[in-house]
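Asker: Take a look at the following structure, please.
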Amino acid sequence: MTHSKQAKTPHITRDTKLLCFDVESNGLHGQAFAVAAVVINLDGEVLDTFTGRTKIIGQVDSWVEQNVLPVITDMTITQRTSKDLRSDFWRWFERAQQEADYVLVSNGYPVEYRFLLQCQEDNLDERYWQHPFPLLDLTSLMLQLEPNGEKRTDIVKKLFDESGYSRHHPYHDALVSARAACEVFQSHIN
């Protein structure tokens, strides 16, 4: 077994890169069916991306049917099964995590955390130590480091409004969350 890279000393510079991912699942505790991720620098430039989608197996959660499926029509089915989705994501994630300084989610419990755990459990012998550390949560981060007193919800709303992106689209959510974190970090760089 190999260990994941050691956590870096918490220090944010203009060269800091963030990896942010978002997962859509069939209800809060259902199977993941869509995932997207971005690696960006603090200027908001997208350096790398991942998107993947699989079919939903079983009864579709009514909230997902009303709020997620209508906004992800541009995401074609790219993987046959949820396990294939996790496998392809993990292959990308291992490489991308080496390029990024921090891994970020917007509000990771339970969906993104469960997804990461399932990715590891798919090959636990090999992936036992290969998890993001630290795993930053945008909501918690912004409670402490709100730039200029702006609330997280105001920053995220502004970024969604300016971009024309849709909430609950995993690529849009990942990119907006990453750019919100960039705003926070930029406001704390000397």
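Labeling convention for the structure tokens: chains A, B, ... as they appear, residues from 1 per chain, ligands from 1 in order of appearance.
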Would you mind listing, for every residue of segment 87-179 of chain A within 12 Å of segment 45-54 of chain A, the two atoms forming the shortest contact and the distance between them in Å to one decimal, using only C-alpha atoms, sorted by chain and ascending residue number, as CSV?
Answerer:
```
residue,atom,partner,partner_atom,distance
A:Ser87,CA,A:Gly52,CA,10.6
A:Asp88,CA,A:Gly52,CA,8.1
A:Phe89,CA,A:Phe50,CA,7.2
A:Trp90,CA,A:Phe50,CA,10.2
A:Arg91,CA,A:Phe50,CA,10.4
A:Trp92,CA,A:Phe50,CA,7.2
A:Phe93,CA,A:Phe50,CA,8.6
A:Glu94,CA,A:Phe50,CA,12.0
A:Arg95,CA,A:Asp48,CA,10.5
A:Ala96,CA,A:Asp48,CA,7.7
A:Gln97,CA,A:Asp48,CA,10.8
A:Glu99,CA,A:Asp48,CA,9.7
A:Ala100,CA,A:Leu47,CA,10.0
A:His169,CA,A:Thr51,CA,10.6
A:Pro170,CA,A:Thr51,CA,8.2
A:Tyr171,CA,A:Thr51,CA,7.0
A:His172,CA,A:Thr51,CA,10.8
A:Ala174,CA,A:Thr49,CA,9.9
A:Leu175,CA,A:Val46,CA,8.4
A:Val176,CA,A:Val46,CA,11.4
A:Ala178,CA,A:Val46,CA,9.7
A:Arg179,CA,A:Glu45,CA,9.1
```
Asker: To test your reading of the structure, identify every residue in chain A that backbone DSSP assigns to alpha helix (DSSP H), and report it as a ChimeraX atom specification.
Answerer: /A:62-67,82-99,111-121,124-127,138-145,152-163,170-186
Asker: If you count only C-alpha atoms, which residues fall within 10 Å of segment 55-72 of chain A, apart from same-chain ones fewer than 6 positions away, as a list of chain:residue names?
Answerer: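 My list of contacting residues is A:Glu24, A:Ser25, A:Asn26, A:Gly27, A:Leu28, A:Gly30, A:Gln31, A:Ala32, A:Phe33, A:Ala34, A:Thr78, A:Gln79, A:Arg80, A:Thr81, A:Ser82, A:Tyr165, A:Ser166, A:Arg167, A:His168, A:His169, A:Pro170, A:Tyr171, A:His172.
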Asker: Expressed in Å to a single decimal, how great is the separation between atom CA of Arg127 of chain A and atom CA of Arg86 of chain A?
Answerer: 12.7 Å
